[in-house]
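Trainee: Sharing a structure with you now.
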Amino acid sequence: MEFVFRETLASLHRSPLLTGLSISMISLALYILGLFALTVHNFYLVLEEMEERVQVVAYIRDAATPEDIANLRQILISAPEVAEVTLVTKAEALQKATRELPEFKDIFSNLGDNPLPASLEIQLRPDSRTPERSQSVVISISSHPMVEGVESGQEWVETFFALSRIAGAASLLFGVAFSVASSLIIASVVRIGVLARRQEIEIMQLVGAKDRFILYPFLAEGALTGLTGGILGIFLTYVTARLMTQYVFTVTWIPASWILIGMISTLTLGIITSGVSVQRHLKEICP
Amino acid sequence: MIKFTSVTKRYSEPEPALKDVTFNLEAGQFSFMTGHSGSGKSTVLKLAHMAERPTLGDIFVNGFSSKRTARRDIWKLRRQVGFIFQDFRLLPNRTVLENIAFVLEVINTPSKEIKERSRILLNKVQLEAKSDRMIEDLSGGEQQQVAIGRALAGNPVLLLADEPTGNLDTESTKNIMDLFWSINQSGTTVLMATHDLNLIQDHPQARLLELHSGKLINDSGIKASY
Ligand SMILES: Nc1ncnc2c1ncn2[C@@H]1O[C@H](COP(=O)(O)OP(=O)(O)OP(=O)(O)O)[C@@H](O)[C@H]1O
Ligand SMILES: [Mg+2]
């Protein structure tokens, strides 16, 4: 154990250039992956926010009585697509308009009668925020006698839906590509490190070292380079996220679980590649 | 200690490097193996060290069979065998002391003893003064001496030496030969490949095996046993 530890440190120390290069390459691979993860994560946050805005608004005739409205509301709530229905009275509509469009404040206050209709804002269930389902809600109420008109934002829903599907496919595709590329980089770096010490492996074997004895320092080294490179890569990603937040726009940091997965994968990859290539050399040297 | 029975070794070329070689070295013997360049001396030693496996025939070395010893068990044989490589096989970016200590470490010597034992070994090959020099900064002869010291590190029962004096001057050669004789006296079997005829003549008591194009054409041990 003591030997493994000492050998590992000694070998890192003995070839600082190669070690430095390995760590930089691994951190670069993880940096690229980290930036990608950051992009995907933030994009999905925006998408989620947009998704919550998918709603249907039913404008109610001024003639409608409170019973009519309650009745309409009951119909909506019992529909499977609907999550929540909020009533916006005429007064609330005016208040909101005055607040949101201050430049028309005078016009609003000079109108004797409130021209804005009351409305029901219909929030759809997450799984019903598709073009077809929001359309079915629209159909179910547009024929109601007390409904003046329905605004479904159908175009918006369609755009959103297409967008999120493209985003899903793209992030899957790029995610796989980036992961494969990063894995290849990490694996090559580790293999080069082992190759550079082929002579050492051979000599150890010739003087009577057990395979395990040769293997362990390499495994430890693979783990250490993987870990250091990984931490450095994530640190670089973090710095980038902070700088973006400070100078460009707010970037939300990726979830800890993603980082954990990235680190564990890098570590595992480092150890496995190291082990496999040492084993391959051992078999090649001595049949 | 070493028993070759009808051993043929073929590398990539169609012409085998060893053809039907048979000999038996008793434990405690001191033997020279001679022959022209390319006659197969190193091949015999590598086969005895199980760095190569025979194409045909059987080899027994200190009870280990070339047919039945699995790759993962070869270390057991190697810890009992010292090998001096024709090309040294030292770790170039480490010091003389580190190269010796490395083997002691590999064979699980307690760390307290490593320093002292390395010092004794370096003393035997007259390299104590250079123990902290890097291998790459040593002359060929000095590197050979380190290789010899390393081969003796594990107190081997068998010493396989491939041209161990090829780079040494007369005086160092004499010192090394004396060293080999003394470890032979203490029980270690020695098989040494050389094409230095003077050396062979100076040690008539040793057994002599002669190879020619992969064939064993002369074995003084056989005559003696008749
Ligand atoms: N790994 C190898 N692959 C292919 N051919 C080899 C290999 N090792 C040795 N040979 C061939 O086998 C033959 C015997 O080689 P070997 O090294 O045993 O000779 P040697 O007697 O030790 O020669 P020298 O005195 O020059 O050291 C040579 O013809 C050589 O070219
Ligand atoms: Mg040779």
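Residues in the structure tokens are named by chain (A, B, ... in the order shown) and by number from 1 within that chain; ligands are numbered from 1 in the order shown.
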Residues of chain B were defined as contacting chain A if any atom lay at most 6 Å from it, counting only C-alpha atoms; please report them as a ChimeraX atom specification.
Mentor: /B:51,75,78-79,106
Trainee: Would you mind exporting all heavy atoms of the selected residues as a compact mmCIF listing (two decimals), in the first residue's frame?
Mentor:
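Wrote out31.txt, looks like this:
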# COMPACT_ATOMS: atom_id res chain seq x y z
N ALA B 51 10.61 -15.68 -20.44
CA ALA B 51 10.25 -14.47 -21.16
C ALA B 51 9.77 -14.86 -22.56
O ALA B 51 9.12 -14.09 -23.24
CB ALA B 51 11.44 -13.53 -21.27
N TRP B 75 6.03 -15.01 -11.89
CA TRP B 75 6.78 -14.23 -10.88
C TRP B 75 7.42 -15.12 -9.82
O TRP B 75 8.48 -14.79 -9.30
CB TRP B 75 5.88 -13.17 -10.24
CG TRP B 75 4.72 -13.72 -9.47
CD1 TRP B 75 3.47 -13.98 -9.94
CD2 TRP B 75 4.69 -14.07 -8.08
NE1 TRP B 75 2.67 -14.48 -8.96
CE2 TRP B 75 3.39 -14.54 -7.80
CE3 TRP B 75 5.63 -14.03 -7.05
CZ2 TRP B 75 3.01 -14.97 -6.54
CZ3 TRP B 75 5.25 -14.45 -5.79
CH2 TRP B 75 3.95 -14.93 -5.54
N ARG B 78 10.63 -16.11 -11.23
CA ARG B 78 11.57 -15.00 -11.43
C ARG B 78 12.17 -14.49 -10.13
O ARG B 78 13.26 -13.93 -10.13
CB ARG B 78 10.85 -13.86 -12.15
CG ARG B 78 10.42 -14.30 -13.54
CD ARG B 78 10.45 -13.19 -14.52
NE ARG B 78 10.24 -13.71 -15.86
CZ ARG B 78 9.39 -13.21 -16.73
NH1 ARG B 78 8.66 -12.16 -16.41
NH2 ARG B 78 9.27 -13.73 -17.93
N ARG B 79 11.46 -14.67 -9.03
CA ARG B 79 12.03 -14.22 -7.76
C ARG B 79 13.18 -15.10 -7.31
O ARG B 79 13.93 -14.73 -6.43
CB ARG B 79 10.95 -14.20 -6.68
CG ARG B 79 10.00 -13.07 -6.96
CD ARG B 79 9.13 -12.77 -5.81
NE ARG B 79 8.16 -11.77 -6.24
CZ ARG B 79 7.24 -11.25 -5.46
NH1 ARG B 79 7.17 -11.64 -4.21
NH2 ARG B 79 6.41 -10.34 -5.91
N VAL B 106 9.96 -4.80 -5.07
CA VAL B 106 9.10 -5.73 -5.81
C VAL B 106 9.01 -7.07 -5.09
O VAL B 106 7.97 -7.70 -5.04
CB VAL B 106 9.64 -5.91 -7.25
CG1 VAL B 106 9.05 -7.15 -7.90
CG2 VAL B 106 9.35 -4.68 -8.09
Trainee: Within 8 Å of ligand 1, which residues show up when you count only C-alpha atoms and all ligand atoms? List them as a PDB file with all heavy atoms, in the first residue's frame, please.
Mentor:
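part_23.pdb, freshly written:
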ATOM      1  N   ARG B  10      11.022 -20.977 -32.545  1.00  0.00           N
ATOM      2  CA  ARG B  10      10.902 -20.270 -33.806  1.00  0.00           C
ATOM      3  C   ARG B  10      10.290 -18.902 -33.531  1.00  0.00           C
ATOM      4  O   ARG B  10       9.248 -18.800 -32.887  1.00  0.00           O
ATOM      5  CB  ARG B  10       9.986 -21.059 -34.742  1.00  0.00           C
ATOM      6  CG  ARG B  10      10.112 -20.697 -36.224  1.00  0.00           C
ATOM      7  CD  ARG B  10       8.992 -21.342 -37.010  1.00  0.00           C
ATOM      8  NE  ARG B  10       8.812 -22.760 -36.706  1.00  0.00           N
ATOM      9  CZ  ARG B  10       9.433 -23.756 -37.348  1.00  0.00           C
ATOM     10  NH1 ARG B  10      10.237 -23.486 -38.347  1.00  0.00           N
ATOM     11  NH2 ARG B  10       9.213 -24.996 -37.008  1.00  0.00           N
ATOM     12  N   TYR B  11      10.956 -17.826 -33.939  1.00  0.00           N
ATOM     13  CA  TYR B  11      10.366 -16.485 -33.841  1.00  0.00           C
ATOM     14  C   TYR B  11       9.564 -16.255 -35.107  1.00  0.00           C
ATOM     15  O   TYR B  11       9.047 -17.207 -35.691  1.00  0.00           O
ATOM     16  CB  TYR B  11      11.455 -15.420 -33.687  1.00  0.00           C
ATOM     17  CG  TYR B  11      12.189 -15.458 -32.362  1.00  0.00           C
ATOM     18  CD1 TYR B  11      13.503 -15.911 -32.283  1.00  0.00           C
ATOM     19  CD2 TYR B  11      11.576 -15.009 -31.196  1.00  0.00           C
ATOM     20  CE1 TYR B  11      14.186 -15.930 -31.076  1.00  0.00           C
ATOM     21  CE2 TYR B  11      12.259 -15.031 -29.976  1.00  0.00           C
ATOM     22  CZ  TYR B  11      13.563 -15.486 -29.923  1.00  0.00           C
ATOM     23  OH  TYR B  11      14.227 -15.498 -28.735  1.00  0.00           O
ATOM     24  N   SER B  12       9.525 -15.020 -35.574  1.00  0.00           N
ATOM     25  CA  SER B  12       8.707 -14.726 -36.760  1.00  0.00           C
ATOM     26  C   SER B  12       9.281 -15.351 -38.046  1.00  0.00           C
ATOM     27  O   SER B  12       8.546 -15.699 -38.948  1.00  0.00           O
ATOM     28  CB  SER B  12       8.559 -13.210 -36.909  1.00  0.00           C
ATOM     29  OG  SER B  12       9.775 -12.583 -36.590  1.00  0.00           O
ATOM     30  N   GLU B  13      10.622 -15.495 -38.083  1.00  0.00           N
ATOM     31  CA  GLU B  13      11.221 -16.043 -39.308  1.00  0.00           C
ATOM     32  C   GLU B  13      10.974 -17.557 -39.407  1.00  0.00           C
ATOM     33  O   GLU B  13      10.778 -18.215 -38.393  1.00  0.00           O
ATOM     34  CB  GLU B  13      12.744 -15.812 -39.329  1.00  0.00           C
ATOM     35  CG  GLU B  13      13.171 -14.375 -39.468  1.00  0.00           C
ATOM     36  CD  GLU B  13      13.547 -13.780 -38.125  1.00  0.00           C
ATOM     37  OE1 GLU B  13      12.627 -13.315 -37.407  1.00  0.00           O
ATOM     38  OE2 GLU B  13      14.730 -13.784 -37.780  1.00  0.00           O
ATOM     39  N   PRO B  16      14.251 -21.539 -37.432  1.00  0.00           N
ATOM     40  CA  PRO B  16      14.183 -21.453 -35.973  1.00  0.00           C
ATOM     41  C   PRO B  16      15.476 -20.908 -35.359  1.00  0.00           C
ATOM     42  O   PRO B  16      16.564 -21.123 -35.915  1.00  0.00           O
ATOM     43  CB  PRO B  16      13.948 -22.894 -35.527  1.00  0.00           C
ATOM     44  CG  PRO B  16      13.954 -23.746 -36.711  1.00  0.00           C
ATOM     45  CD  PRO B  16      14.226 -22.926 -37.926  1.00  0.00           C
ATOM     46  N   ALA B  17      15.350 -20.205 -34.232  1.00  0.00           N
ATOM     47  CA  ALA B  17      16.516 -19.670 -33.531  1.00  0.00           C
ATOM     48  C   ALA B  17      17.193 -20.762 -32.708  1.00  0.00           C
ATOM     49  O   ALA B  17      18.389 -20.686 -32.441  1.00  0.00           O
ATOM     50  CB  ALA B  17      16.091 -18.524 -32.623  1.00  0.00           C
ATOM     51  N   LEU B  18      16.409 -21.761 -32.309  1.00  0.00           N
ATOM     52  CA  LEU B  18      16.968 -22.929 -31.614  1.00  0.00           C
ATOM     53  C   LEU B  18      16.389 -24.190 -32.240  1.00  0.00           C
ATOM     54  O   LEU B  18      15.197 -24.237 -32.546  1.00  0.00           O
ATOM     55  CB  LEU B  18      16.598 -22.912 -30.126  1.00  0.00           C
ATOM     56  CG  LEU B  18      17.337 -21.976 -29.180  1.00  0.00           C
ATOM     57  CD1 LEU B  18      16.864 -22.234 -27.753  1.00  0.00           C
ATOM     58  CD2 LEU B  18      18.848 -22.125 -29.280  1.00  0.00           C
ATOM     59  N   THR B  34      28.448 -20.532 -25.122  1.00  0.00           N
ATOM     60  CA  THR B  34      29.141 -19.712 -26.106  1.00  0.00           C
ATOM     61  C   THR B  34      28.607 -19.996 -27.509  1.00  0.00           C
ATOM     62  O   THR B  34      27.743 -20.864 -27.695  1.00  0.00           O
ATOM     63  CB  THR B  34      30.666 -19.942 -26.011  1.00  0.00           C
ATOM     64  OG1 THR B  34      31.331 -19.004 -26.824  1.00  0.00           O
ATOM     65  CG2 THR B  34      31.031 -21.352 -26.471  1.00  0.00           C
ATOM     66  N   GLY B  35      29.108 -19.269 -28.482  1.00  0.00           N
ATOM     67  CA  GLY B  35      28.615 -19.394 -29.850  1.00  0.00           C
ATOM     68  C   GLY B  35      28.656 -18.046 -30.525  1.00  0.00           C
ATOM     69  O   GLY B  35      28.770 -17.011 -29.870  1.00  0.00           O
ATOM     70  N   HIS B  36      28.579 -18.084 -31.874  1.00  0.00           N
ATOM     71  CA  HIS B  36      28.648 -16.837 -32.627  1.00  0.00           C
ATOM     72  C   HIS B  36      27.431 -15.963 -32.358  1.00  0.00           C
ATOM     73  O   HIS B  36      26.440 -16.429 -31.802  1.00  0.00           O
ATOM     74  CB  HIS B  36      28.719 -17.140 -34.122  1.00  0.00           C
ATOM     75  CG  HIS B  36      29.974 -17.838 -34.515  1.00  0.00           C
ATOM     76  ND1 HIS B  36      31.205 -17.231 -34.443  1.00  0.00           N
ATOM     77  CD2 HIS B  36      30.190 -19.100 -34.974  1.00  0.00           C
ATOM     78  CE1 HIS B  36      32.129 -18.090 -34.841  1.00  0.00           C
ATOM     79  NE2 HIS B  36      31.544 -19.241 -35.167  1.00  0.00           N
ATOM     80  N   SER B  37      27.508 -14.719 -32.823  1.00  0.00           N
ATOM     81  CA  SER B  37      26.354 -13.827 -32.726  1.00  0.00           C
ATOM     82  C   SER B  37      25.180 -14.449 -33.489  1.00  0.00           C
ATOM     83  O   SER B  37      25.361 -14.955 -34.593  1.00  0.00           O
ATOM     84  CB  SER B  37      26.681 -12.472 -33.358  1.00  0.00           C
ATOM     85  OG  SER B  37      27.481 -11.748 -32.477  1.00  0.00           O
ATOM     86  N   GLY B  38      24.038 -14.434 -32.867  1.00  0.00           N
ATOM     87  CA  GLY B  38      22.860 -14.988 -33.529  1.00  0.00           C
ATOM     88  C   GLY B  38      22.757 -16.491 -33.417  1.00  0.00           C
ATOM     89  O   GLY B  38      21.862 -17.107 -34.001  1.00  0.00           O
ATOM     90  N   SER B  39      23.637 -17.122 -32.656  1.00  0.00           N
ATOM     91  CA  SER B  39      23.594 -18.584 -32.559  1.00  0.00           C
ATOM     92  C   SER B  39      22.478 -19.057 -31.620  1.00  0.00           C
ATOM     93  O   SER B  39      22.118 -20.232 -31.631  1.00  0.00           O
ATOM     94  CB  SER B  39      24.948 -19.109 -32.075  1.00  0.00           C
ATOM     95  OG  SER B  39      25.271 -18.527 -30.828  1.00  0.00           O
ATOM     96  N   GLY B  40      21.936 -18.152 -30.806  1.00  0.00           N
ATOM     97  CA  GLY B  40      20.794 -18.530 -29.970  1.00  0.00           C
ATOM     98  C   GLY B  40      21.039 -18.492 -28.473  1.00  0.00           C
ATOM     99  O   GLY B  40      20.213 -18.959 -27.693  1.00  0.00           O
ATOM    100  N   LYS B  41      22.167 -17.891 -28.042  1.00  0.00           N
ATOM    101  CA  LYS B  41      22.501 -17.861 -26.612  1.00  0.00           C
ATOM    102  C   LYS B  41      21.425 -17.125 -25.806  1.00  0.00           C
ATOM    103  O   LYS B  41      20.916 -17.657 -24.804  1.00  0.00           O
ATOM    104  CB  LYS B  41      23.862 -17.177 -26.395  1.00  0.00           C
ATOM    105  CG  LYS B  41      25.016 -17.818 -27.160  1.00  0.00           C
ATOM    106  CD  LYS B  41      26.327 -17.138 -26.856  1.00  0.00           C
ATOM    107  CE  LYS B  41      26.407 -15.706 -27.369  1.00  0.00           C
ATOM    108  NZ  LYS B  41      26.361 -15.602 -28.849  1.00  0.00           N
ATOM    109  N   SER B  42      21.105 -15.922 -26.258  1.00  0.00           N
ATOM    110  CA  SER B  42      20.099 -15.146 -25.518  1.00  0.00           C
ATOM    111  C   SER B  42      18.762 -15.866 -25.520  1.00  0.00           C
ATOM    112  O   SER B  42      18.015 -15.805 -24.527  1.00  0.00           O
ATOM    113  CB  SER B  42      19.922 -13.764 -26.152  1.00  0.00           C
ATOM    114  OG  SER B  42      21.113 -13.022 -26.031  1.00  0.00           O
ATOM    115  N   THR B  43      18.460 -16.526 -26.623  1.00  0.00           N
ATOM    116  CA  THR B  43      17.187 -17.246 -26.706  1.00  0.00           C
ATOM    117  C   THR B  43      17.104 -18.326 -25.633  1.00  0.00           C
ATOM    118  O   THR B  43      16.068 -18.479 -24.967  1.00  0.00           O
ATOM    119  CB  THR B  43      17.022 -17.850 -28.114  1.00  0.00           C
ATOM    120  OG1 THR B  43      17.111 -16.792 -29.074  1.00  0.00           O
ATOM    121  CG2 THR B  43      15.679 -18.547 -28.256  1.00  0.00           C
ATOM    122  N   VAL B  44      18.198 -19.058 -25.413  1.00  0.00           N
ATOM    123  CA  VAL B  44      18.215 -20.089 -24.368  1.00  0.00           C
ATOM    124  C   VAL B  44      17.933 -19.448 -23.005  1.00  0.00           C
ATOM    125  O   VAL B  44      17.096 -19.927 -22.230  1.00  0.00           O
ATOM    126  CB  VAL B  44      19.584 -20.820 -24.347  1.00  0.00           C
ATOM    127  CG1 VAL B  44      19.702 -21.668 -23.082  1.00  0.00           C
ATOM    128  CG2 VAL B  44      19.740 -21.683 -25.588  1.00  0.00           C
ATOM    129  N   GLN B  86      21.351  -8.624 -21.668  1.00  0.00           N
ATOM    130  CA  GLN B  86      22.389  -8.161 -22.574  1.00  0.00           C
ATOM    131  C   GLN B  86      22.264  -6.633 -22.768  1.00  0.00           C
ATOM    132  O   GLN B  86      23.249  -5.933 -22.854  1.00  0.00           O
ATOM    133  CB  GLN B  86      22.231  -8.880 -23.916  1.00  0.00           C
ATOM    134  CG  GLN B  86      23.447  -8.783 -24.794  1.00  0.00           C
ATOM    135  CD  GLN B  86      23.383  -9.746 -25.974  1.00  0.00           C
ATOM    136  OE1 GLN B  86      22.368 -10.398 -26.223  1.00  0.00           O
ATOM    137  NE2 GLN B  86      24.474  -9.848 -26.698  1.00  0.00           N
ATOM    138  N   ASP B 162      23.593 -12.742 -19.393  1.00  0.00           N
ATOM    139  CA  ASP B 162      23.727 -12.640 -20.842  1.00  0.00           C
ATOM    140  C   ASP B 162      24.821 -11.631 -21.181  1.00  0.00           C
ATOM    141  O   ASP B 162      24.599 -10.425 -21.075  1.00  0.00           O
ATOM    142  CB  ASP B 162      22.384 -12.221 -21.452  1.00  0.00           C
ATOM    143  CG  ASP B 162      22.322 -12.552 -22.934  1.00  0.00           C
ATOM    144  OD1 ASP B 162      23.359 -12.903 -23.512  1.00  0.00           O
ATOM    145  OD2 ASP B 162      21.210 -12.451 -23.502  1.00  0.00           O
ATOM    146  N   GLU B 163      25.992 -12.119 -21.546  1.00  0.00           N
ATOM    147  CA  GLU B 163      27.151 -11.268 -21.840  1.00  0.00           C
ATOM    148  C   GLU B 163      27.395 -10.253 -20.724  1.00  0.00           C
ATOM    149  O   GLU B 163      27.469  -9.054 -20.978  1.00  0.00           O
ATOM    150  CB  GLU B 163      26.944 -10.490 -23.155  1.00  0.00           C
ATOM    151  CG  GLU B 163      26.681 -11.348 -24.371  1.00  0.00           C
ATOM    152  CD  GLU B 163      27.950 -11.953 -24.964  1.00  0.00           C
ATOM    153  OE1 GLU B 163      29.035 -11.692 -24.408  1.00  0.00           O
ATOM    154  OE2 GLU B 163      27.832 -12.701 -25.944  1.00  0.00           O
ATOM    155  N   ALA B 193      26.148 -16.553 -20.681  1.00  0.00           N
ATOM    156  CA  ALA B 193      26.409 -16.518 -22.120  1.00  0.00           C
ATOM    157  C   ALA B 193      27.566 -15.561 -22.381  1.00  0.00           C
ATOM    158  O   ALA B 193      27.603 -14.461 -21.826  1.00  0.00           O
ATOM    159  CB  ALA B 193      25.167 -16.044 -22.872  1.00  0.00           C
ATOM    160  N   THR B 194      28.514 -16.011 -23.202  1.00  0.00           N
ATOM    161  CA  THR B 194      29.639 -15.121 -23.514  1.00  0.00           C
ATOM    162  C   THR B 194      30.303 -15.585 -24.803  1.00  0.00           C
ATOM    163  O   THR B 194      30.221 -16.749 -25.180  1.00  0.00           O
ATOM    164  CB  THR B 194      30.682 -15.118 -22.375  1.00  0.00           C
ATOM    165  OG1 THR B 194      31.718 -14.202 -22.691  1.00  0.00           O
ATOM    166  CG2 THR B 194      31.292 -16.501 -22.154  1.00  0.00           C
ATOM    167  N   HIS B 195      30.915 -14.647 -25.532  1.00  0.00           N
ATOM    168  CA  HIS B 195      31.785 -15.121 -26.603  1.00  0.00           C
ATOM    169  C   HIS B 195      33.227 -14.686 -26.362  1.00  0.00           C
ATOM    170  O   HIS B 195      34.012 -14.586 -27.270  1.00  0.00           O
ATOM    171  CB  HIS B 195      31.301 -14.771 -28.020  1.00  0.00           C
ATOM    172  CG  HIS B 195      30.659 -13.429 -28.148  1.00  0.00           C
ATOM    173  ND1 HIS B 195      29.573 -13.236 -28.966  1.00  0.00           N
ATOM    174  CD2 HIS B 195      30.927 -12.249 -27.598  1.00  0.00           C
ATOM    175  CE1 HIS B 195      29.208 -11.970 -28.890  1.00  0.00           C
ATOM    176  NE2 HIS B 195      30.015 -11.355 -28.077  1.00  0.00           N
ATOM    177  N   LEU B 211      26.791 -23.294 -28.904  1.00  0.00           N
ATOM    178  CA  LEU B 211      25.699 -23.268 -29.885  1.00  0.00           C
ATOM    179  C   LEU B 211      26.247 -22.849 -31.242  1.00  0.00           C
ATOM    180  O   LEU B 211      27.171 -22.043 -31.339  1.00  0.00           O
ATOM    181  CB  LEU B 211      24.629 -22.250 -29.457  1.00  0.00           C
ATOM    182  CG  LEU B 211      23.734 -22.612 -28.272  1.00  0.00           C
ATOM    183  CD1 LEU B 211      22.957 -21.368 -27.837  1.00  0.00           C
ATOM    184  CD2 LEU B 211      22.784 -23.745 -28.634  1.00  0.00           C
ATOM    185  N   SER B 213      24.318 -21.816 -34.917  1.00  0.00           N
ATOM    186  CA  SER B 213      23.041 -21.635 -35.652  1.00  0.00           C
ATOM    187  C   SER B 213      21.880 -22.366 -34.987  1.00  0.00           C
ATOM    188  O   SER B 213      21.133 -23.095 -35.638  1.00  0.00           O
ATOM    189  CB  SER B 213      23.122 -22.138 -37.095  1.00  0.00           C
ATOM    190  OG  SER B 213      24.369 -21.952 -37.625  1.00  0.00           O
ATOM    191  N   GLY B 214      21.777 -22.194 -33.694  1.00  0.00           N
ATOM    192  CA  GLY B 214      20.615 -22.758 -33.009  1.00  0.00           C
ATOM    193  C   GLY B 214      20.766 -24.202 -32.585  1.00  0.00           C
ATOM    194  O   GLY B 214      19.856 -24.760 -31.969  1.00  0.00           O
TER     195      GLY B 214
END
Trainee: Using only C-alpha atoms and all ligand atoms, which residue out of B:Arg68, B:Gly63, B:Pro54, B:Phe85 lies closest to ligand 2?
Mentor: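 The shortest atom-to-atom distance to ligand 2 comes from B:Phe85.
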Trainee: Pull the alpha helix (DSSP H) assignments for segment 9-98 of chain B out of DSSP run on the backbone, and list those residues as a list in words.
Mentor: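 Those in segment 9-98 of chain B that DSSP calls alpha helix (DSSP H) are Lys41, Ser42, Thr43, Val44, Leu45, Lys46, Leu47, Ala48, Ile74, Trp75, Lys76, Leu77, Arg78, Val96, Leu97 and Glu98 of chain B.
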Trainee: Just N, CA, C and O atoms for this one: save the residues we selected as a PDB file, in the first residue's frame.
Mentor:
ATOM      1  N   LYS B  41      22.167 -17.891 -28.042  1.00  0.00           N
ATOM      2  CA  LYS B  41      22.501 -17.861 -26.612  1.00  0.00           C
ATOM      3  C   LYS B  41      21.425 -17.125 -25.806  1.00  0.00           C
ATOM      4  O   LYS B  41      20.916 -17.657 -24.804  1.00  0.00           O
ATOM      5  N   SER B  42      21.105 -15.922 -26.258  1.00  0.00           N
ATOM      6  CA  SER B  42      20.099 -15.146 -25.518  1.00  0.00           C
ATOM      7  C   SER B  42      18.762 -15.866 -25.520  1.00  0.00           C
ATOM      8  O   SER B  42      18.015 -15.805 -24.527  1.00  0.00           O
ATOM      9  N   THR B  43      18.460 -16.526 -26.623  1.00  0.00           N
ATOM     10  CA  THR B  43      17.187 -17.246 -26.706  1.00  0.00           C
ATOM     11  C   THR B  43      17.104 -18.326 -25.633  1.00  0.00           C
ATOM     12  O   THR B  43      16.068 -18.479 -24.967  1.00  0.00           O
ATOM     13  N   VAL B  44      18.198 -19.058 -25.413  1.00  0.00           N
ATOM     14  CA  VAL B  44      18.215 -20.089 -24.368  1.00  0.00           C
ATOM     15  C   VAL B  44      17.933 -19.448 -23.005  1.00  0.00           C
ATOM     16  O   VAL B  44      17.096 -19.927 -22.230  1.00  0.00           O
ATOM     17  N   LEU B  45      18.604 -18.337 -22.737  1.00  0.00           N
ATOM     18  CA  LEU B  45      18.424 -17.689 -21.433  1.00  0.00           C
ATOM     19  C   LEU B  45      17.002 -17.154 -21.259  1.00  0.00           C
ATOM     20  O   LEU B  45      16.406 -17.296 -20.187  1.00  0.00           O
ATOM     21  N   LYS B  46      16.460 -16.552 -22.338  1.00  0.00           N
ATOM     22  CA  LYS B  46      15.094 -16.017 -22.239  1.00  0.00           C
ATOM     23  C   LYS B  46      14.087 -17.136 -22.030  1.00  0.00           C
ATOM     24  O   LYS B  46      13.098 -16.964 -21.293  1.00  0.00           O
ATOM     25  N   LEU B  47      14.334 -18.271 -22.660  1.00  0.00           N
ATOM     26  CA  LEU B  47      13.431 -19.410 -22.473  1.00  0.00           C
ATOM     27  C   LEU B  47      13.501 -19.899 -21.028  1.00  0.00           C
ATOM     28  O   LEU B  47      12.478 -20.230 -20.429  1.00  0.00           O
ATOM     29  N   ALA B  48      14.729 -19.904 -20.484  1.00  0.00           N
ATOM     30  CA  ALA B  48      14.880 -20.361 -19.105  1.00  0.00           C
ATOM     31  C   ALA B  48      14.229 -19.389 -18.118  1.00  0.00           C
ATOM     32  O   ALA B  48      13.854 -19.766 -17.016  1.00  0.00           O
ATOM     33  N   ILE B  74       4.452 -16.816 -13.209  1.00  0.00           N
ATOM     34  CA  ILE B  74       5.860 -16.723 -13.593  1.00  0.00           C
ATOM     35  C   ILE B  74       6.683 -15.951 -12.564  1.00  0.00           C
ATOM     36  O   ILE B  74       7.859 -16.233 -12.354  1.00  0.00           O
ATOM     37  N   TRP B  75       6.034 -15.014 -11.886  1.00  0.00           N
ATOM     38  CA  TRP B  75       6.783 -14.230 -10.880  1.00  0.00           C
ATOM     39  C   TRP B  75       7.418 -15.115  -9.823  1.00  0.00           C
ATOM     40  O   TRP B  75       8.484 -14.795  -9.304  1.00  0.00           O
ATOM     41  N   LYS B  76       6.775 -16.238  -9.536  1.00  0.00           N
ATOM     42  CA  LYS B  76       7.342 -17.122  -8.511  1.00  0.00           C
ATOM     43  C   LYS B  76       8.712 -17.647  -8.950  1.00  0.00           C
ATOM     44  O   LYS B  76       9.631 -17.748  -8.147  1.00  0.00           O
ATOM     45  N   LEU B  77       8.808 -17.987 -10.234  1.00  0.00           N
ATOM     46  CA  LEU B  77      10.090 -18.430 -10.771  1.00  0.00           C
ATOM     47  C   LEU B  77      11.094 -17.277 -10.767  1.00  0.00           C
ATOM     48  O   LEU B  77      12.236 -17.425 -10.333  1.00  0.00           O
ATOM     49  N   ARG B  78      10.633 -16.113 -11.233  1.00  0.00           N
ATOM     50  CA  ARG B  78      11.567 -14.998 -11.425  1.00  0.00           C
ATOM     51  C   ARG B  78      12.170 -14.493 -10.128  1.00  0.00           C
ATOM     52  O   ARG B  78      13.257 -13.930 -10.125  1.00  0.00           O
ATOM     53  N   VAL B  96      20.957   4.946  -9.560  1.00  0.00           N
ATOM     54  CA  VAL B  96      21.514   3.618  -9.375  1.00  0.00           C
ATOM     55  C   VAL B  96      20.841   2.949  -8.165  1.00  0.00           C
ATOM     56  O   VAL B  96      20.347   1.822  -8.243  1.00  0.00           O
ATOM     57  N   LEU B  97      20.792   3.698  -7.073  1.00  0.00           N
ATOM     58  CA  LEU B  97      20.203   3.158  -5.850  1.00  0.00           C
ATOM     59  C   LEU B  97      18.737   2.799  -6.056  1.00  0.00           C
ATOM     60  O   LEU B  97      18.276   1.736  -5.639  1.00  0.00           O
ATOM     61  N   GLU B  98      18.004   3.672  -6.719  1.00  0.00           N
ATOM     62  CA  GLU B  98      16.577   3.424  -6.957  1.00  0.00           C
ATOM     63  C   GLU B  98      16.361   2.173  -7.801  1.00  0.00           C
ATOM     64  O   GLU B  98      15.405   1.419  -7.586  1.00  0.00           O
TER      65      GLU B  98
END
Trainee: Counting only C-alpha atoms, what is within 7 Å of segment 120-127 of chain A, bar same-chain residues fewer than 5 positions away, as an NGL selection string?
Mentor: :A and (55-59 or 81-88)
